[in-house]
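In what follows, a single structure is set out as structure tokens and then discussed.
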Amino acid sequence: MAAEREVKPAFTFRHLSNKKISFMNDRKICDLFMKWSMHGRIIVQAFSFDEYFQPYDKDKFVQAFFKDPNVVVNLKMVSPLTCEWTTLGVEVKKTEAEEIPCKQVSMSFFDCLYSNVIVRETGHINKCLDEFYGDFVVADQLRQVLLLEDSDNYQIFSDTDRKEFIFCLFKHFCLGGMLCQFEDTVDPYLETTKAVYKEIVSVQKDPDTKGIRVISTVFKITASGDHGLCYPSTKKHEQTFAYLIVDPIKRHVHVLYHSFGGGLFCS
């Protein structure tokens, strides 16, 4: 009887432990993460892979990612029990990957905040009477735009706009963690969004149009084990997220991870 051939994984990964993530070492951004209650609960890690990638490979790619031994021992997450950084620690049985549109190459995407007077020319965010939406206090018109579907301001971004990765980042930073101290002006949110987006999303010049286009593919991911959801946490929350940002040319993948919580008790 012929010996069974070992099935080679669709993708194999290496942890790029020495890759520096500039914005994670930027003092101004770190101070903002502290203020927004995200410090100690947000991380970016980088991995490389050797195989040719196409977006339609997303399910194979994400499954292989969570099965790879180099990912298993290095992929960090915050323990919901101890609030300390740990690794996954369980065998992943099921993965889900939602492709997130990522086409924007300009911060002019957010100009509608000014043209609709959500933000004044000075950058100050217009206030409103406090409302509560889940874990969030809606104390200004920017949060109305982000959270309240029945608000007139909600409509300034289309449903298509809201799916864009750059909008997801902006919203995550605006909402922050459990003890988030909100900004009075929009600039810190925009500047942080730009810095993060620029570093982890890859672009190149289109040979036909000569314009800049995004070449990265972005997935929002979750993983489950025998006892249910295990990554990015065992508990679902809008501000607990993990994104894979895949550069098919360099064959690198960045993992942007955040776990919702107080943020002051983790290191």
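A note on labels: chains of the structure tokens are A, B, ... as shown, every chain counts residues from 1, and ligands are counted from 1 in their shown order.
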List as a VMD selection string the protein and nucleic acid residues near range 52-55 of chain A, meaning an atom at most 12 Å away when only C-alpha atoms are counted, but skip any in the same chain fewer than 2 places from it. chain A and resid 10 to 12 48 to 50 57 to 62 97 to 101 215 to 219 244 to 253
For the helix (DSSP H, G or I) assignment from backbone DSSP, which residues of range 146-260 of chain A qualify? Please present them as a PyMOL selection string. chain A and resi 146-147+152-156+159-163+165-175+187-200
Let me make sure I understand: among A:Asp140, A:Pro207, A:His15, A:Val214, which one has the smallest atom-to-atom distance to Phe47 in chain A if we use only C-alpha atoms?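 Nearest candidate to Phe47 in chain A out of A:Asp140, A:Pro207, A:His15, A:Val214: A:His15.
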What are the DSSP strand (DSSP E or B) residues of range 25-165 of chain A, as a PyMOL selection string? chain A and resi 42-49+76-78+85-87+94-100+119+124-125+127-133+136-140
Please produce an output containing C-alpha atoms for each residue in the selection, written as an mmCIF file, in the first residue's frame.
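Output contents, as saved in out.cif:
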data_model
loop_
_atom_site.group_PDB
_atom_site.id
_atom_site.type_symbol
_atom_site.label_atom_id
_atom_site.label_comp_id
_atom_site.auth_asym_id
_atom_site.auth_seq_id
_atom_site.Cartn_x
_atom_site.Cartn_y
_atom_site.Cartn_z
ATOM 1 C CA ILE A 42 -3.908 47.410 21.215
ATOM 2 C CA ILE A 43 -1.101 45.834 19.211
ATOM 3 C CA VAL A 44 0.156 45.377 15.660
ATOM 4 C CA GLN A 45 2.122 42.256 14.736
ATOM 5 C CA ALA A 46 3.690 41.345 11.417
ATOM 6 C CA PHE A 47 4.083 37.981 9.703
ATOM 7 C CA SER A 48 5.392 36.939 6.309
ATOM 8 C CA PHE A 49 4.166 34.155 4.045
ATOM 9 C CA LYS A 76 -0.958 37.920 21.047
ATOM 10 C CA MET A 77 -4.300 38.626 22.674
ATOM 11 C CA VAL A 78 -5.501 40.055 25.974
ATOM 12 C CA TRP A 85 -1.135 39.637 27.250
ATOM 13 C CA THR A 86 -1.128 35.969 26.344
ATOM 14 C CA THR A 87 -1.187 33.777 23.241
ATOM 15 C CA LYS A 94 -13.500 27.389 12.945
ATOM 16 C CA THR A 95 -12.571 30.741 11.434
ATOM 17 C CA GLU A 96 -14.560 33.557 9.888
ATOM 18 C CA ALA A 97 -13.123 36.231 7.627
ATOM 19 C CA GLU A 98 -15.053 39.224 6.368
ATOM 20 C CA GLU A 99 -13.378 41.164 3.589
ATOM 21 C CA ILE A 100 -13.336 44.871 4.422
ATOM 22 C CA VAL A 119 -16.880 69.807 12.911
ATOM 23 C CA HIS A 124 -13.860 71.638 17.215
ATOM 24 C CA ILE A 125 -16.580 69.008 17.338
ATOM 25 C CA LYS A 127 -21.633 69.111 21.154
ATOM 26 C CA CYS A 128 -25.106 67.721 21.796
ATOM 27 C CA LEU A 129 -27.186 66.559 24.750
ATOM 28 C CA ASP A 130 -25.851 63.313 26.206
ATOM 29 C CA GLU A 131 -27.402 60.060 25.029
ATOM 30 C CA PHE A 132 -26.370 56.501 25.778
ATOM 31 C CA TYR A 133 -25.711 53.827 23.182
ATOM 32 C CA PHE A 136 -20.859 54.586 24.822
ATOM 33 C CA VAL A 137 -21.890 58.101 25.780
ATOM 34 C CA VAL A 138 -22.980 60.138 22.762
ATOM 35 C CA ALA A 139 -21.960 63.629 23.858
ATOM 36 C CA ASP A 140 -21.301 65.267 20.492
#
Measuring atom to atom with only C-alpha atoms, identify which of A:Glu91, A:Asp184, A:Asp150, A:Asp68 is nearest to Cys230 in chain A.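 Closest candidate: A:Glu91.
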Using CA of Thr240 in chain A and CA of Phe260 in chain A as the two end points, give the distance in Å to one decimal. 5.0 Å
State, in Å with one decimal place, the distance from CA of Met24 in chain A to CA of Phe66 in chain A.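 Between CA of Met24 in chain A and CA of Phe66 in chain A the gap works out to 24.0 Å.
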Any idea what's packed within 12 Å of Lys235 in chain A, counting only C-alpha atoms, ignoring anything in its chain fewer than 4 positions away? Could you give it as a list in words?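 Contacts, in chain order: Val78, Ser79, Pro80, Leu81, Thr222, Ala223, Ser224, Gly228, Leu229, Cys230, Tyr231, Gln239, Thr240, Phe241, Ser259, Phe260 and Gly261 of chain A.
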Could you give me, as number ranges by chain, the residues within 12 Å of Gln181 in chain A, counting only C-alpha atoms and dropping anything in the same chain fewer than 3 positions from it? A: 31-38, 136-137, 139, 173-178, 184, 262-263
Could you tell me which of A:Glu84, A:Asn70, A:Asn18, A:Phe182 comes closest to Gly40 in chain A if we count only C-alpha atoms?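 Of the candidates, the smallest distance to Gly40 in chain A is held by A:Glu84.
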Given only C-alpha atoms as the counted atoms, nearest of A:Arg27, A:Glu121, A:Asp111, A:Ser22 to Lys198 in chain A: A:Ser22
Polymer residues at most 8 Å from range 190-197 of chain A, only C-alpha atoms, same-chain spacing of 3 or more positions, as a ChimeraX atom specification: /A:23,29,107,166,169-170,173,186-187,200-201
Contacts of Val105 in chain A at 9 Å or less, counting only C-alpha atoms, minus same-chain residues fewer than 2 places along, as a PyMOL selection string? chain A and resi 102-103+107-109+198+203+212-214
Same residues, all heavy atoms, output as an mmCIF file, in the first residue's frame:
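Okay, again15.cif is ready:
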data_model
loop_
_atom_site.group_PDB
_atom_site.id
_atom_site.type_symbol
_atom_site.label_atom_id
_atom_site.label_comp_id
_atom_site.auth_asym_id
_atom_site.auth_seq_id
_atom_site.Cartn_x
_atom_site.Cartn_y
_atom_site.Cartn_z
ATOM 1 N N CYS A 102 -11.185 48.391 1.044
ATOM 2 C CA CYS A 102 -10.044 49.260 1.372
ATOM 3 C C CYS A 102 -9.561 49.909 0.080
ATOM 4 O O CYS A 102 -8.652 49.407 -0.593
ATOM 5 C CB CYS A 102 -8.938 48.436 2.034
ATOM 6 S SG CYS A 102 -7.560 49.424 2.666
ATOM 7 N N LYS A 103 -10.180 51.040 -0.271
ATOM 8 C CA LYS A 103 -9.878 51.700 -1.538
ATOM 9 C C LYS A 103 -9.410 53.143 -1.369
ATOM 10 O O LYS A 103 -8.874 53.732 -2.310
ATOM 11 C CB LYS A 103 -11.112 51.683 -2.444
ATOM 12 C CG LYS A 103 -11.585 50.282 -2.814
ATOM 13 C CD LYS A 103 -12.846 50.338 -3.657
ATOM 14 C CE LYS A 103 -13.342 48.934 -3.999
ATOM 15 N NZ LYS A 103 -14.613 48.971 -4.761
ATOM 16 N N MET A 107 -7.316 61.529 2.825
ATOM 17 C CA MET A 107 -8.088 61.901 4.014
ATOM 18 C C MET A 107 -9.254 62.836 3.664
ATOM 19 O O MET A 107 -10.059 63.173 4.536
ATOM 20 C CB MET A 107 -7.177 62.556 5.044
ATOM 21 C CG MET A 107 -6.128 61.616 5.628
ATOM 22 S SD MET A 107 -6.836 60.180 6.466
ATOM 23 C CE MET A 107 -7.545 60.953 7.918
ATOM 24 N N SER A 108 -9.365 63.239 2.402
ATOM 25 C CA SER A 108 -10.518 64.046 1.984
ATOM 26 C C SER A 108 -11.821 63.257 2.149
ATOM 27 O O SER A 108 -12.910 63.830 2.097
ATOM 28 C CB SER A 108 -10.360 64.498 0.533
ATOM 29 O OG SER A 108 -10.308 63.381 -0.336
ATOM 30 N N PHE A 109 -11.696 61.960 2.346
ATOM 31 C CA PHE A 109 -12.840 61.102 2.651
ATOM 32 C C PHE A 109 -13.657 61.664 3.811
ATOM 33 O O PHE A 109 -14.882 61.500 3.858
ATOM 34 C CB PHE A 109 -12.315 59.701 2.990
ATOM 35 C CG PHE A 109 -13.352 58.694 3.372
ATOM 36 C CD1 PHE A 109 -14.059 57.993 2.402
ATOM 37 C CD2 PHE A 109 -13.610 58.421 4.704
ATOM 38 C CE1 PHE A 109 -15.019 57.048 2.763
ATOM 39 C CE2 PHE A 109 -14.556 57.466 5.077
ATOM 40 C CZ PHE A 109 -15.263 56.785 4.093
ATOM 41 N N LYS A 198 -1.661 54.613 6.883
ATOM 42 C CA LYS A 198 -0.513 54.768 5.981
ATOM 43 C C LYS A 198 0.544 53.698 6.222
ATOM 44 O O LYS A 198 1.195 53.235 5.282
ATOM 45 C CB LYS A 198 0.091 56.164 6.167
ATOM 46 C CG LYS A 198 1.194 56.498 5.179
ATOM 47 C CD LYS A 198 1.642 57.943 5.351
ATOM 48 C CE LYS A 198 2.745 58.296 4.358
ATOM 49 N NZ LYS A 198 3.197 59.697 4.513
ATOM 50 N N VAL A 203 0.214 50.686 -0.905
ATOM 51 C CA VAL A 203 -0.294 51.285 -2.137
ATOM 52 C C VAL A 203 0.792 51.199 -3.221
ATOM 53 O O VAL A 203 1.959 50.958 -2.929
ATOM 54 C CB VAL A 203 -0.694 52.760 -1.931
ATOM 55 C CG1 VAL A 203 -1.819 52.878 -0.924
ATOM 56 C CG2 VAL A 203 0.505 53.602 -1.494
ATOM 57 N N ILE A 212 -2.569 56.666 -7.510
ATOM 58 C CA ILE A 212 -2.211 55.736 -6.436
ATOM 59 C C ILE A 212 -3.412 54.847 -6.124
ATOM 60 O O ILE A 212 -4.543 55.329 -6.028
ATOM 61 C CB ILE A 212 -1.794 56.512 -5.167
ATOM 62 C CG1 ILE A 212 -0.571 57.378 -5.462
ATOM 63 C CG2 ILE A 212 -1.503 55.555 -4.019
ATOM 64 C CD1 ILE A 212 0.666 56.610 -5.856
ATOM 65 N N ARG A 213 -3.162 53.562 -5.965
ATOM 66 C CA ARG A 213 -4.237 52.639 -5.591
ATOM 67 C C ARG A 213 -3.778 51.709 -4.485
ATOM 68 O O ARG A 213 -2.584 51.411 -4.352
ATOM 69 C CB ARG A 213 -4.711 51.827 -6.802
ATOM 70 C CG ARG A 213 -3.683 50.866 -7.376
ATOM 71 C CD ARG A 213 -4.239 50.150 -8.596
ATOM 72 N NE ARG A 213 -3.252 49.253 -9.181
ATOM 73 C CZ ARG A 213 -3.127 47.968 -8.862
ATOM 74 N NH1 ARG A 213 -3.927 47.435 -7.954
ATOM 75 N NH2 ARG A 213 -2.213 47.210 -9.443
ATOM 76 N N VAL A 214 -4.712 51.260 -3.699
ATOM 77 C CA VAL A 214 -4.437 50.328 -2.606
ATOM 78 C C VAL A 214 -4.262 48.929 -3.174
ATOM 79 O O VAL A 214 -5.046 48.484 -4.020
ATOM 80 C CB VAL A 214 -5.580 50.338 -1.573
ATOM 81 C CG1 VAL A 214 -5.375 49.253 -0.522
ATOM 82 C CG2 VAL A 214 -5.684 51.703 -0.911
#
Nearest-residue call for Asp226 in chain A, choices A:Val90, A:Leu148, A:Cys180, A:Cys112, using only C-alpha atoms: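 Among the listed residues, the smallest separation from Asp226 in chain A belongs to A:Val90.
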May I ask for the distance between CA of Lys236 in chain A and CA of Phe13 in chain A, given in Å to one decimal place?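 If I compute the distance from CA of Lys236 in chain A to CA of Phe13 in chain A, I get 26.9 Å.
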